[in-house]
Every structure is written in C-alpha cells, then in structure tokens.
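Participant: File model32.pdb follows (PDB, C-alpha atoms):
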ATOM      1  CA  MET A  31     220.721 145.244 170.895
ATOM      2  CA  THR A  32     220.610 145.520 167.150
ATOM      3  CA  ARG A  33     223.591 147.751 166.855
ATOM      4  CA  GLN A  34     226.903 147.669 168.569
ATOM      5  CA  THR A  35     229.156 150.361 169.845
ATOM      6  CA  ASN A  36     232.788 150.285 168.864
ATOM      7  CA  PRO A  37     235.036 150.239 171.961
ATOM      8  CA  GLU A  38     237.757 151.992 169.936
ATOM      9  CA  ILE A  39     235.399 154.962 169.841
ATOM     10  CA  ALA A  40     233.592 154.552 173.139
ATOM     11  CA  GLU A  41     236.737 154.056 175.182
ATOM     12  CA  MET A  42     239.039 156.713 173.753
ATOM     13  CA  VAL A  43     241.258 158.151 176.469
ATOM     14  CA  SER A  44     241.860 161.762 177.416
ATOM     15  CA  PRO A  45     242.175 164.252 175.768
ATOM     16  CA  ALA A  46     240.222 162.627 172.950
ATOM     17  CA  SER A  47     237.759 160.903 175.319
ATOM     18  CA  LEU A  48     234.104 161.552 174.610
ATOM     19  CA  PRO A  49     232.536 164.074 177.010
ATOM     20  CA  ARG A  50     230.229 162.204 179.363
ATOM     21  CA  ARG A  51     228.048 162.906 182.324
ATOM     22  CA  SER A  52     227.144 160.034 184.583
ATOM     23  CA  GLY A  53     228.628 157.650 182.059
ATOM     24  CA  GLU A  54     226.515 158.840 179.178
ATOM     25  CA  LEU A  55     227.525 160.984 176.246
ATOM     26  CA  VAL A  56     226.814 164.682 176.427
ATOM     27  CA  PHE A  57     225.633 166.555 173.353
ATOM     28  CA  HIS A  58     224.486 170.159 173.665
ATOM     29  CA  ASP A  59     223.159 170.802 170.200
ATOM     30  CA  PRO A  60     221.777 168.646 167.392
ATOM     31  CA  TRP A  61     224.787 169.439 165.189
ATOM     32  CA  GLU A  62     227.069 167.768 167.742
ATOM     33  CA  ARG A  63     225.119 164.515 167.583
ATOM     34  CA  LYS A  64     225.130 164.754 163.821
ATOM     35  CA  VAL A  65     228.848 165.281 163.373
ATOM     36  CA  PHE A  66     229.550 162.566 165.922
ATOM     37  CA  ALA A  67     227.375 160.100 164.032
ATOM     38  CA  MET A  68     228.753 161.093 160.630
ATOM     39  CA  ALA A  69     232.327 160.313 161.652
ATOM     40  CA  VAL A  70     231.291 157.020 163.250
ATOM     41  CA  THR A  71     229.261 155.862 160.255
ATOM     42  CA  LEU A  72     231.959 156.697 157.706
ATOM     43  CA  CYS A  73     234.481 154.786 159.795
ATOM     44  CA  GLU A  74     232.031 151.844 159.996
ATOM     45  CA  GLN A  75     231.875 151.901 156.207
ATOM     46  CA  GLY A  76     235.645 151.573 156.056
ATOM     47  CA  LEU A  77     236.427 154.996 154.594
ATOM     48  CA  PHE A  78     239.054 155.496 157.260
ATOM     49  CA  GLU A  79     240.498 153.866 160.349
ATOM     50  CA  TRP A  80     239.308 155.237 163.681
ATOM     51  CA  ASP A  81     242.926 155.934 164.629
ATOM     52  CA  GLU A  82     243.308 158.230 161.634
ATOM     53  CA  PHE A  83     240.395 160.282 162.907
ATOM     54  CA  ARG A  84     241.511 160.147 166.524
ATOM     55  CA  GLU A  85     244.979 161.491 165.643
ATOM     56  CA  ARG A  86     243.452 164.471 163.870
ATOM     57  CA  LEU A  87     241.011 165.040 166.698
ATOM     58  CA  MET A  88     243.834 165.109 169.221
ATOM     59  CA  ALA A  89     245.782 167.520 166.997
ATOM     60  CA  GLU A  90     242.758 169.824 166.804
ATOM     61  CA  ILE A  91     242.267 169.705 170.572
ATOM     62  CA  ALA A  92     245.952 170.507 171.095
ATOM     63  CA  THR A  93     245.754 173.418 168.620
ATOM     64  CA  ALA A  94     242.660 174.747 170.340
ATOM     65  CA  GLU A  95     244.348 174.655 173.736
ATOM     66  CA  HIS A  96     247.504 176.242 172.380
ATOM     67  CA  ALA A  97     245.569 179.014 170.660
ATOM     68  CA  ALA A  98     243.820 179.877 173.906
ATOM     69  CA  GLY A  99     247.152 180.071 175.707
ATOM     70  CA  PRO A 100     247.814 179.891 179.445
ATOM     71  CA  HIS A 101     246.902 183.550 180.018
ATOM     72  CA  ALA A 102     243.824 183.717 177.871
ATOM     73  CA  LEU A 103     241.510 183.147 180.801
ATOM     74  CA  THR A 104     238.521 184.801 179.255
ATOM     75  CA  SER A 105     238.724 183.365 175.761
ATOM     76  CA  VAL A 106     236.403 180.508 175.026
ATOM     77  CA  LEU A 107     238.104 177.355 173.865
ATOM     78  CA  PRO A 108     236.748 175.699 170.765
ATOM     79  CA  SER A 109     234.495 173.005 172.163
ATOM     80  CA  TYR A 110     235.194 169.302 171.937
ATOM     81  CA  TYR A 111     232.789 168.800 169.047
ATOM     82  CA  GLU A 112     234.108 171.896 167.286
ATOM     83  CA  SER A 113     237.508 170.210 167.298
ATOM     84  CA  TRP A 114     235.749 167.029 166.207
ATOM     85  CA  LEU A 115     234.149 168.858 163.266
ATOM     86  CA  ALA A 116     237.458 170.436 162.215
ATOM     87  CA  ALA A 117     239.219 167.056 162.398
ATOM     88  CA  PHE A 118     236.461 165.379 160.412
ATOM     89  CA  GLU A 119     236.500 168.030 157.669
ATOM     90  CA  GLN A 120     240.289 167.784 157.487
ATOM     91  CA  LEU A 121     240.204 164.000 157.140
ATOM     92  CA  LEU A 122     237.494 164.126 154.471
ATOM     93  CA  ARG A 123     239.564 166.584 152.457
ATOM     94  CA  GLU A 124     242.669 164.425 152.814
ATOM     95  CA  LYS A 125     240.744 161.375 151.666
ATOM     96  CA  GLY A 126     239.317 163.301 148.710
ATOM     97  CA  ILE A 127     235.777 162.648 149.941
ATOM     98  CA  VAL A 128     235.017 166.363 149.966
ATOM     99  CA  PRO A 129     236.785 168.872 147.700
ATOM    100  CA  ALA A 130     239.768 170.676 149.207
ATOM    101  CA  THR A 131     238.546 174.244 148.912
TER     102      THR A 131
ATOM    103  CA  MET B  28     218.890 169.749 192.388
ATOM    104  CA  SER B  29     220.114 170.132 195.973
ATOM    105  CA  ALA B  30     223.758 170.018 197.003
ATOM    106  CA  GLU B  31     222.989 166.739 198.746
ATOM    107  CA  HIS B  32     221.993 165.184 195.464
ATOM    108  CA  GLY B  33     224.760 166.911 193.569
ATOM    109  CA  ARG B  34     227.469 164.851 195.181
ATOM    110  CA  HIS B  35     225.919 161.676 193.897
ATOM    111  CA  ASN B  36     226.785 162.700 190.390
ATOM    112  CA  ALA B  37     229.869 162.546 188.217
ATOM    113  CA  PRO B  38     232.861 164.798 188.846
ATOM    114  CA  PRO B  39     232.702 168.102 186.932
ATOM    115  CA  ASP B  40     234.219 168.281 183.464
ATOM    116  CA  PRO B  41     234.552 171.725 181.844
ATOM    117  CA  ARG B  42     233.748 170.158 178.478
ATOM    118  CA  LEU B  43     230.239 169.427 179.725
ATOM    119  CA  GLU B  44     229.283 173.097 179.814
ATOM    120  CA  LYS B  45     227.743 174.567 176.722
ATOM    121  CA  GLN B  46     230.247 177.007 175.292
ATOM    122  CA  HIS B  47     228.640 178.609 172.287
ATOM    123  CA  ALA B  48     226.617 181.742 171.881
ATOM    124  CA  PRO B  49     223.510 181.319 169.696
ATOM    125  CA  GLU B  50     225.075 183.006 166.652
ATOM    126  CA  GLN B  51     228.118 180.734 166.901
ATOM    127  CA  THR B  52     225.872 177.717 167.196
ATOM    128  CA  GLN B  53     224.096 178.827 164.041
ATOM    129  CA  ILE B  54     227.380 178.964 162.100
ATOM    130  CA  LEU B  55     228.397 175.496 163.304
ATOM    131  CA  GLU B  56     224.938 174.156 162.577
ATOM    132  CA  GLU B  57     225.217 175.368 158.985
ATOM    133  CA  ARG B  58     228.722 173.974 158.586
ATOM    134  CA  VAL B  59     227.524 170.545 159.669
ATOM    135  CA  GLN B  60     224.425 170.742 157.483
ATOM    136  CA  LYS B  61     226.581 171.500 154.451
ATOM    137  CA  LEU B  62     228.800 168.555 155.213
ATOM    138  CA  GLU B  63     225.822 166.276 155.759
ATOM    139  CA  ALA B  64     224.238 167.326 152.445
ATOM    140  CA  LEU B  65     227.485 166.523 150.667
ATOM    141  CA  LEU B  66     227.773 163.089 152.251
ATOM    142  CA  VAL B  67     224.102 162.308 151.663
ATOM    143  CA  ALA B  68     224.510 163.252 147.996
ATOM    144  CA  LYS B  69     227.405 160.809 147.775
ATOM    145  CA  GLY B  70     225.272 158.110 149.340
ATOM    146  CA  LEU B  71     227.630 157.754 152.306
ATOM    147  CA  VAL B  72     225.216 158.897 154.972
ATOM    148  CA  ALA B  73     221.471 158.615 155.569
ATOM    149  CA  THR B  74     219.996 161.272 157.826
ATOM    150  CA  GLU B  75     217.732 158.874 159.731
ATOM    151  CA  THR B  76     220.512 156.449 160.583
ATOM    152  CA  LEU B  77     222.628 159.255 162.048
ATOM    153  CA  GLU B  78     220.121 159.850 164.795
ATOM    154  CA  GLU B  79     219.850 156.118 165.462
ATOM    155  CA  LEU B  80     223.595 155.811 165.694
ATOM    156  CA  ALA B  81     223.951 158.702 168.125
ATOM    157  CA  SER B  82     221.273 157.191 170.380
ATOM    158  CA  THR B  83     222.992 153.828 170.302
ATOM    159  CA  TYR B  84     226.149 155.374 171.624
ATOM    160  CA  GLU B  85     224.215 157.394 174.171
ATOM    161  CA  ASN B  86     222.416 154.338 175.493
ATOM    162  CA  ASP B  87     224.938 151.559 175.247
ATOM    163  CA  ILE B  88     228.195 152.982 176.425
ATOM    164  CA  GLY B  89     227.377 153.049 180.116
ATOM    165  CA  PRO B  90     225.688 149.662 180.507
ATOM    166  CA  MET B  91     228.453 147.992 178.481
ATOM    167  CA  ASN B  92     230.729 148.183 181.500
ATOM    168  CA  GLY B  93     228.198 146.402 183.666
ATOM    169  CA  ALA B  94     227.613 143.831 180.953
ATOM    170  CA  ARG B  95     231.324 143.034 180.902
ATOM    171  CA  VAL B  96     231.243 142.487 184.653
ATOM    172  CA  VAL B  97     228.266 140.129 184.378
ATOM    173  CA  ALA B  98     229.726 138.144 181.485
ATOM    174  CA  ARG B  99     233.010 137.710 183.335
ATOM    175  CA  ALA B 100     231.185 136.496 186.440
ATOM    176  CA  TRP B 101     229.233 133.972 184.339
ATOM    177  CA  THR B 102     232.374 132.529 182.784
ATOM    178  CA  ASP B 103     234.860 132.773 185.636
ATOM    179  CA  PRO B 104     233.680 131.294 188.964
ATOM    180  CA  ALA B 105     236.642 132.732 190.879
ATOM    181  CA  TYR B 106     235.852 136.195 189.549
ATOM    182  CA  LYS B 107     232.211 135.764 190.507
ATOM    183  CA  GLN B 108     233.266 134.892 194.044
ATOM    184  CA  ARG B 109     235.374 138.048 194.249
ATOM    185  CA  LEU B 110     232.543 140.088 192.751
ATOM    186  CA  LEU B 111     230.080 138.892 195.378
ATOM    187  CA  THR B 112     232.495 139.439 198.277
ATOM    188  CA  ASN B 113     234.096 142.727 197.184
ATOM    189  CA  ALA B 114     232.355 144.166 194.164
ATOM    190  CA  THR B 115     234.199 147.489 194.143
ATOM    191  CA  ALA B 116     237.569 145.753 193.809
ATOM    192  CA  ALA B 117     236.324 143.126 191.349
ATOM    193  CA  ILE B 118     234.801 145.772 189.071
ATOM    194  CA  GLY B 119     238.023 147.755 189.299
ATOM    195  CA  GLU B 120     239.900 144.662 188.085
ATOM    196  CA  LEU B 121     238.263 145.097 184.695
ATOM    197  CA  GLY B 122     239.694 148.571 184.377
ATOM    198  CA  ILE B 123     236.388 150.331 184.963
ATOM    199  CA  SER B 124     237.186 153.657 186.538
ATOM    200  CA  GLY B 125     235.147 156.342 188.227
ATOM    201  CA  LEU B 126     234.209 154.218 191.218
ATOM    202  CA  GLN B 127     236.161 156.302 193.739
ATOM    203  CA  GLY B 128     234.192 156.874 196.890
ATOM    204  CA  GLU B 129     231.472 154.498 195.810
ATOM    205  CA  HIS B 130     230.994 151.222 197.507
ATOM    206  CA  MET B 131     229.516 148.701 195.109
ATOM    207  CA  VAL B 132     227.580 145.649 196.208
ATOM    208  CA  VAL B 133     226.552 142.999 193.705
ATOM    209  CA  VAL B 134     223.563 140.802 194.533
ATOM    210  CA  GLU B 135     223.024 137.548 192.691
ATOM    211  CA  ASN B 136     219.795 136.331 191.156
ATOM    212  CA  THR B 137     219.215 132.608 191.548
ATOM    213  CA  PRO B 138     216.313 130.287 190.751
ATOM    214  CA  SER B 139     214.916 131.070 194.215
ATOM    215  CA  VAL B 140     215.880 134.738 194.710
ATOM    216  CA  HIS B 141     215.207 137.751 192.505
ATOM    217  CA  ASN B 142     216.830 141.092 193.355
ATOM    218  CA  VAL B 143     215.592 144.564 192.479
ATOM    219  CA  VAL B 144     217.531 147.796 192.985
ATOM    220  CA  LEU B 145     216.116 151.248 193.607
ATOM    221  CA  CYS B 146     216.880 154.401 195.543
ATOM    222  CA  THR B 147     214.022 155.617 197.727
ATOM    223  CA  LEU B 148     215.778 158.866 198.684
ATOM    224  CA  CYS B 149     216.710 160.248 195.301
ATOM    225  CA  SER B 150     218.352 158.415 192.446
ATOM    226  CA  CYS B 151     221.607 156.855 193.652
ATOM    227  CA  TYR B 152     222.867 154.660 190.906
ATOM    228  CA  PRO B 153     226.179 153.073 189.898
ATOM    229  CA  TRP B 154     226.730 155.348 186.892
ATOM    230  CA  PRO B 155     230.273 154.245 185.947
ATOM    231  CA  VAL B 156     228.949 150.722 185.509
ATOM    232  CA  LEU B 157     225.435 151.294 184.207
ATOM    233  CA  GLY B 158     225.515 154.734 182.620
ATOM    234  CA  LEU B 159     222.810 157.261 183.374
ATOM    235  CA  PRO B 160     219.737 155.972 185.181
ATOM    236  CA  PRO B 161     216.643 155.546 183.047
ATOM    237  CA  THR B 162     213.976 158.212 183.586
ATOM    238  CA  TRP B 163     211.618 155.873 185.409
ATOM    239  CA  TYR B 164     214.312 155.040 187.960
ATOM    240  CA  LYS B 165     214.188 158.628 189.206
ATOM    241  CA  MET B 166     210.411 158.884 189.261
ATOM    242  CA  ALA B 167     208.459 158.665 192.495
ATOM    243  CA  PRO B 168     206.128 155.877 191.285
ATOM    244  CA  TYR B 169     209.022 153.460 190.765
ATOM    245  CA  ARG B 170     210.900 154.560 193.872
ATOM    246  CA  SER B 171     207.975 154.112 196.207
ATOM    247  CA  ARG B 172     206.036 151.331 194.531
ATOM    248  CA  ALA B 173     208.997 149.028 194.058
ATOM    249  CA  VAL B 174     209.318 148.964 197.858
ATOM    250  CA  ILE B 175     205.646 148.388 198.613
ATOM    251  CA  ASP B 176     204.763 146.110 195.733
ATOM    252  CA  PRO B 177     207.886 144.814 193.982
ATOM    253  CA  ARG B 178     206.020 141.938 192.315
ATOM    254  CA  GLY B 179     203.484 144.332 190.856
ATOM    255  CA  VAL B 180     206.204 146.592 189.520
ATOM    256  CA  LEU B 181     208.067 143.609 188.069
ATOM    257  CA  HIS B 182     204.879 142.451 186.414
ATOM    258  CA  GLU B 183     204.589 145.831 184.700
ATOM    259  CA  PHE B 184     208.121 145.397 183.414
ATOM    260  CA  GLY B 185     207.085 142.019 182.034
ATOM    261  CA  VAL B 186     208.757 139.883 184.682
ATOM    262  CA  ASP B 187     206.379 137.422 186.320
ATOM    263  CA  LEU B 188     207.870 135.439 189.124
ATOM    264  CA  PRO B 189     206.402 132.330 190.718
ATOM    265  CA  GLU B 190     205.335 132.689 194.365
ATOM    266  CA  SER B 191     208.216 130.428 195.340
ATOM    267  CA  VAL B 192     210.759 133.018 194.251
ATOM    268  CA  GLU B 193     211.727 135.424 196.984
ATOM    269  CA  VAL B 194     211.966 139.071 195.875
ATOM    270  CA  ARG B 195     214.621 141.152 197.591
ATOM    271  CA  VAL B 196     214.598 144.924 197.264
ATOM    272  CA  TRP B 197     217.850 146.848 197.695
ATOM    273  CA  ASP B 198     217.857 150.538 198.472
ATOM    274  CA  SER B 199     220.907 152.307 197.024
ATOM    275  CA  SER B 200     222.408 155.248 198.859
ATOM    276  CA  ALA B 201     225.321 157.622 198.463
ATOM    277  CA  GLU B 202     227.433 155.076 200.352
ATOM    278  CA  ILE B 203     226.309 151.797 198.797
ATOM    279  CA  ARG B 204     225.322 151.259 195.181
ATOM    280  CA  TYR B 205     223.774 147.965 194.256
ATOM    281  CA  MET B 206     223.912 146.080 191.003
ATOM    282  CA  VAL B 207     222.156 142.825 190.168
ATOM    283  CA  LEU B 208     224.040 139.871 188.787
ATOM    284  CA  PRO B 209     221.314 138.354 186.616
ATOM    285  CA  GLU B 210     220.943 134.637 185.986
ATOM    286  CA  ARG B 211     222.748 133.276 182.981
ATOM    287  CA  PRO B 212     220.071 132.095 180.550
ATOM    288  CA  GLN B 213     219.755 128.501 179.432
ATOM    289  CA  GLY B 214     221.266 127.528 176.132
ATOM    290  CA  THR B 215     224.246 129.861 176.344
ATOM    291  CA  ALA B 216     226.904 127.288 177.232
ATOM    292  CA  HIS B 217     228.535 127.643 173.833
ATOM    293  CA  MET B 218     228.784 131.427 173.982
ATOM    294  CA  SER B 219     231.962 133.383 174.520
ATOM    295  CA  GLU B 220     232.315 136.014 177.215
ATOM    296  CA  GLN B 221     231.960 138.744 174.583
ATOM    297  CA  GLU B 222     228.829 137.205 173.123
ATOM    298  CA  LEU B 223     227.365 136.865 176.594
ATOM    299  CA  ALA B 224     228.062 140.514 177.389
ATOM    300  CA  LYS B 225     225.896 141.517 174.432
ATOM    301  CA  LEU B 226     222.893 139.791 176.029
ATOM    302  CA  VAL B 227     223.106 141.810 179.226
ATOM    303  CA  THR B 228     221.002 144.959 179.244
ATOM    304  CA  ARG B 229     220.826 147.773 181.742
ATOM    305  CA  ASP B 230     217.436 146.691 183.042
ATOM    306  CA  THR B 231     218.679 143.194 183.863
ATOM    307  CA  MET B 232     221.304 144.730 186.145
ATOM    308  CA  ILE B 233     218.676 146.829 187.935
ATOM    309  CA  GLY B 234     216.597 143.698 188.307
ATOM    310  CA  VAL B 235     213.534 144.681 186.296
ATOM    311  CA  ALA B 236     214.252 142.347 183.390
ATOM    312  CA  ARG B 237     215.676 138.915 182.812
ATOM    313  CA  VAL B 238     218.460 138.186 180.374
ATOM    314  CA  GLU B 239     217.059 136.765 177.200
ATOM    315  CA  VAL B 240     218.641 134.978 174.295
ATOM    316  CA  LYS B 241     217.334 136.327 171.038
ATOM    317  CA  GLY B 242     216.519 133.615 168.567
TER     318      GLY B 242
END
Do you think you could lay out the structure here as structure tokens?

Facilitator:
Amino acid sequence: MTRQTNPEIAEMVSPASLPRRSGELVFHDPWERKVFAMAVTLCEQGLFEWDEFRERLMAEIATAEHAAGPHALTSVLPSYYESWLAAFEQLLREKGIVPAT
Amino acid sequence: MSAEHGRHNAPPDPRLEKQHAPEQTQILEERVQKLEALLVAKGLVATETLEELASTYENDIGPMNGARVVARAWTDPAYKQRLLTNATAAIGELGISGLQGEHMVVVENTPSVHNVVLCTLCSCYPWPVLGLPPTWYKMAPYRSRAVIDPRGVLHEFGVDLPESVEVRVWDSSAEIRYMVLPERPQGTAHMSEQELAKLVTRDTMIGVARVEVKG
C-alpha cells in the first residue's frame, strides 16, 4: 500500500458518513469521484482541517433535508456529493482559495 | 441478481441510488470541472493524482477493518483466542459494525495449514470486514477451481506451498462467512499494531496471498 486512507475521512459517522455499498464507496458519476478526491487532497496538503470540511458538509446535508421538507415526497434531495460540492466550494471561498463571487 | 443473492448484500441506503437527471449531471460536471481547473492552475491539484486518490479510498476502506482485526490478533494473544472461538463477537469488540445476522468464522494459517476462502454458490463474503469482493472472487473459474485444485489456484496467485502444508478450503454461505487469519511474517517483532495492520491486504485474508514485509 503506497498510500494511506485517513480514518477521519473514511470513518465519518452519519449523516456525514460516506455512501457505501458492501463496504466500498459508491460514486455514480466521475464528477463525484473528482470532488471527493479534491477535498481529500487539499486537506492532505494542510489547507484545512478535515473537521472544518465535515462541519460544512453536515450543514449542507441538513439544509438539503430541510429544504425538501417532511411533505415534499416527490422532490429530489440534493445528493450526498452535491452537498459535498457545495460545502467544498463554501470552504474554499472562506479560505480565500477561490474568489468569493 | 436473484432475491436469494440479494439478501447477502448490504442493507439499502437511499443515498446509493443515482438521483440526477442527465441535464443536472451535466451542470454538476461543469461546476466541478471549473473548480478543478482553478485548483490545477494554482498548483494545488493534479488531475492524475485525483483518480489515484479516489481508487485508494475505494479499495482500502473495506479491507482496513479486517487488517485491524488481524493486527490485533497478532499482538494480543487473548484477543486471538477470542477471535478463533467467537469471531463475530471479537470483531464486534473493535467497533466494526454491519455484522448483524452474519456469523463470522476466522481460520488461522500456521506453518502446517493454509486456509483459502471461497463461495461455491454465489459470492458470500464478509463485506463489513473486507469491503467488496474482488471481481475474480465472484467468477466461476475461481469458485469451482479453488475447490478442485486449490494448490493450482494458489500457484496462479503466486503462493507456492510445500507438499507438507495442508490446504483447507472453506466455503462461505449466507450463514457463515469465513476470514483467514494470515501468519505474521518474520522480522516484524518491532512493529506496532498500526504498522502491522498496514501490511495486511485483502487477499491475505481470503487466503490467496501471504503477508509480506516490504523492504
């Protein structure tokens, strides 16, 4: 094993826990893998603490669930990695890594 | 996949279903591409390492649990005893969840016995401990040949055993899932439990590889 997984990331608990099937991560589209890896690599480089990202991810998941509401049975929730993307963009703006447009 | 096989899999999670229509996917795809271009321009991200990183997480997360179990058994004789007598409970001790309804049995490799795990019926596999089974595990050639000619199959995996070593083949089912406790390699006496866990790969816990110390 040349590379190691970070248990802080791998073992996040619900609702932030990584979607898995049979123990393995589930990605539906290439962009999901990409945005997952981008957040992990920037954290590895010390640009932020994983907890900072996790907090924003949980906030995005909570917002998504709230927006859908208990009666909005037919509306599609923003997916896990959509929340992940929103949280990542937010954190990058806060850190001044990308411009706050 | 039949219903019979379906119950061997993980419990359903709504997040596992694809939720986006193609046009939505396109928008998200572009959003991520824009972000990636920005980070690449800043020298923070390299496109080729992103793919590598995602695969690492895909491949290592599952087996890591099993590796922790093995490393604990190597360093704690009392734990090893519990693991060999009641694996389900001993694995649970390490906080590994998802084992409900699965009876785990751990079989120990020794200098005179080598264990190999397969599932002749379908692809029963201890997923909470080892992650998703490798593709070959589910293929007919492995499933049937490992029963008939385990030494030949092991040879193809690069494991050559002397005639004096007895090969035992364990057939996993929906009721009993087997995992191999590989032999601790020589020259690892100085290593910590965490360092040891890094040596343990998925294949060693299926029994088609031996644990090796990289120089």

Participant: Which residues, written as a PyMOL selection string, have at least one atom at most 10 Å from B:Ala100, with all atoms listed in the file counted and residues fewer than 5 positions away on the same chain left out?

Facilitator: chain B and resi 94-95+105-111+117+208+211+220

Participant: Residues within 12 Å of A:Thr93, please, as an MDAnalysis selection string. Count all atoms listed in the file; anything in the same chain fewer than 6 positions from it doesn't count.

Facilitator: chainID A and resid 86:87 99 107:110 112:113 116:117

Participant: Restrict the selected residues to C-alpha atoms and save them as a CSV table (one decimal), in the frame of the given file.

Facilitator:
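Ended up saving to selection36.csv:
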chain,number,residue,atom,x,y,z
A,86,ARG,CA,243.5,164.5,163.9
A,87,LEU,CA,241.0,165.0,166.7
A,99,GLY,CA,247.2,180.1,175.7
A,107,LEU,CA,238.1,177.4,173.9
A,108,PRO,CA,236.7,175.7,170.8
A,109,SER,CA,234.5,173.0,172.2
A,110,TYR,CA,235.2,169.3,171.9
A,112,GLU,CA,234.1,171.9,167.3
A,113,SER,CA,237.5,170.2,167.3
A,116,ALA,CA,237.5,170.4,162.2
A,117,ALA,CA,239.2,167.1,162.4

Participant: May I ask which of the residues A:Leu121, A:Thr35, A:Val70, A:Pro49 is the closest one to A:Glu85, counting only C-alpha atoms?

Facilitator: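 Counting only C-alpha atoms, the residue closest to A:Glu85 is A:Leu121.
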
Participant: Would you compute the distance between atom CA of B:Val194 and atom CA of B:Ala116? Give it in Å to one decimal.

Facilitator: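 Computed distance, atom CA of B:Val194 to atom CA of B:Ala116, equals 26.5 Å.
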
Participant: Which residues, written as a list in words, have at least one atom at most 10 Å from A:Val56, with all atoms listed in the file counted and residues fewer than 4 positions away on the same chain left out?

Facilitator: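 So the residues in contact are Leu48, Pro49, Arg50, Arg51, Ser52, Glu62 and Arg63 of chain A; Arg42, Leu43, Glu44, Lys45 and Glu85 of chain B.
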
Participant: Go ahead and write the residues just picked, C-alpha atoms, as a JSON list (two decimals), in the coordinates of the input.

Facilitator:
[["chain", "number", "residue", "atom", "x", "y", "z"],
["A", 48, "LEU", "CA", 234.10, 161.55, 174.61],
["A", 49, "PRO", "CA", 232.54, 164.07, 177.01],
["A", 50, "ARG", "CA", 230.23, 162.20, 179.36],
["A", 51, "ARG", "CA", 228.05, 162.91, 182.32],
["A", 52, "SER", "CA", 227.14, 160.03, 184.58],
["A", 62, "GLU", "CA", 227.07, 167.77, 167.74],
["A", 63, "ARG", "CA", 225.12, 164.52, 167.58],
["B", 42, "ARG", "CA", 233.75, 170.16, 178.48],
["B", 43, "LEU", "CA", 230.24, 169.43, 179.72],
["B", 44, "GLU", "CA", 229.28, 173.10, 179.81],
["B", 45, "LYS", "CA", 227.74, 174.57, 176.72],
["B", 85, "GLU", "CA", 224.22, 157.39, 174.17]]

Participant: What does the PyMOL selection byres ((chain A and resi 71) around 10) select in this file, as a list of chain:residue names?

Facilitator: A:Val65, A:Phe66, A:Ala67, A:Met68, A:Ala69, A:Val70, A:Leu72, A:Cys73, A:Glu74, A:Gln75, A:Gly76, A:Leu77, B:Leu71, B:Val72, B:Ala73, B:Thr76, B:Leu77, B:Leu80, B:Ala81

Participant: Go ahead and write the selection's residues with C-alpha atoms as a PDB file, in the frame of the given file.

Facilitator:
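out.pdb written:
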ATOM      1  CA  VAL A  65     228.848 165.281 163.373  1.00  0.00           C
ATOM      2  CA  PHE A  66     229.550 162.566 165.922  1.00  0.00           C
ATOM      3  CA  ALA A  67     227.375 160.100 164.032  1.00  0.00           C
ATOM      4  CA  MET A  68     228.753 161.093 160.630  1.00  0.00           C
ATOM      5  CA  ALA A  69     232.327 160.313 161.652  1.00  0.00           C
ATOM      6  CA  VAL A  70     231.291 157.020 163.250  1.00  0.00           C
ATOM      7  CA  LEU A  72     231.959 156.697 157.706  1.00  0.00           C
ATOM      8  CA  CYS A  73     234.481 154.786 159.795  1.00  0.00           C
ATOM      9  CA  GLU A  74     232.031 151.844 159.996  1.00  0.00           C
ATOM     10  CA  GLN A  75     231.875 151.901 156.207  1.00  0.00           C
ATOM     11  CA  GLY A  76     235.645 151.573 156.056  1.00  0.00           C
ATOM     12  CA  LEU A  77     236.427 154.996 154.594  1.00  0.00           C
TER      13      LEU A  77
ATOM     14  CA  LEU B  71     227.630 157.754 152.306  1.00  0.00           C
ATOM     15  CA  VAL B  72     225.216 158.897 154.972  1.00  0.00           C
ATOM     16  CA  ALA B  73     221.471 158.615 155.569  1.00  0.00           C
ATOM     17  CA  THR B  76     220.512 156.449 160.583  1.00  0.00           C
ATOM     18  CA  LEU B  77     222.628 159.255 162.048  1.00  0.00           C
ATOM     19  CA  LEU B  80     223.595 155.811 165.694  1.00  0.00           C
ATOM     20  CA  ALA B  81     223.951 158.702 168.125  1.00  0.00           C
TER      21      ALA B  81
END

Participant: Pick out the closest residue to chain A from this set: B:Lys225, B:His130, B:Arg172, B:Arg195. Count only C-alpha atoms.

Facilitator: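 Looking at the shortest contact to chain A, the residue is B:Lys225.
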
Participant: Rank B:Asp198, B:Glu57, B:Glu63, B:Glu210 by their smallest atom-to-atom distance to B:Val97, using only C-alpha atoms, and report the top residue only.

Facilitator: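 Smallest distance to B:Val97 is found for B:Glu210.
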
Participant: Expanded to explicit residues, what is the PyMOL selection byres ((chain B and resi 180) around 12) for this file, as JSON, numbers by chain?

Facilitator: {"B": [143, 144, 145, 163, 164, 168, 169, 170, 171, 172, 173, 174, 175, 176, 177, 178, 179, 181, 182, 183, 184, 185, 186, 187, 188, 194, 196, 234, 235, 236]}

Participant: Quote the spacing between atom CA of B:Asn92 and atom CA of B:Leu226 in Å to one decimal place.

Facilitator: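 Interatomic distance, atom CA of B:Asn92 to atom CA of B:Leu226: 12.7 Å.
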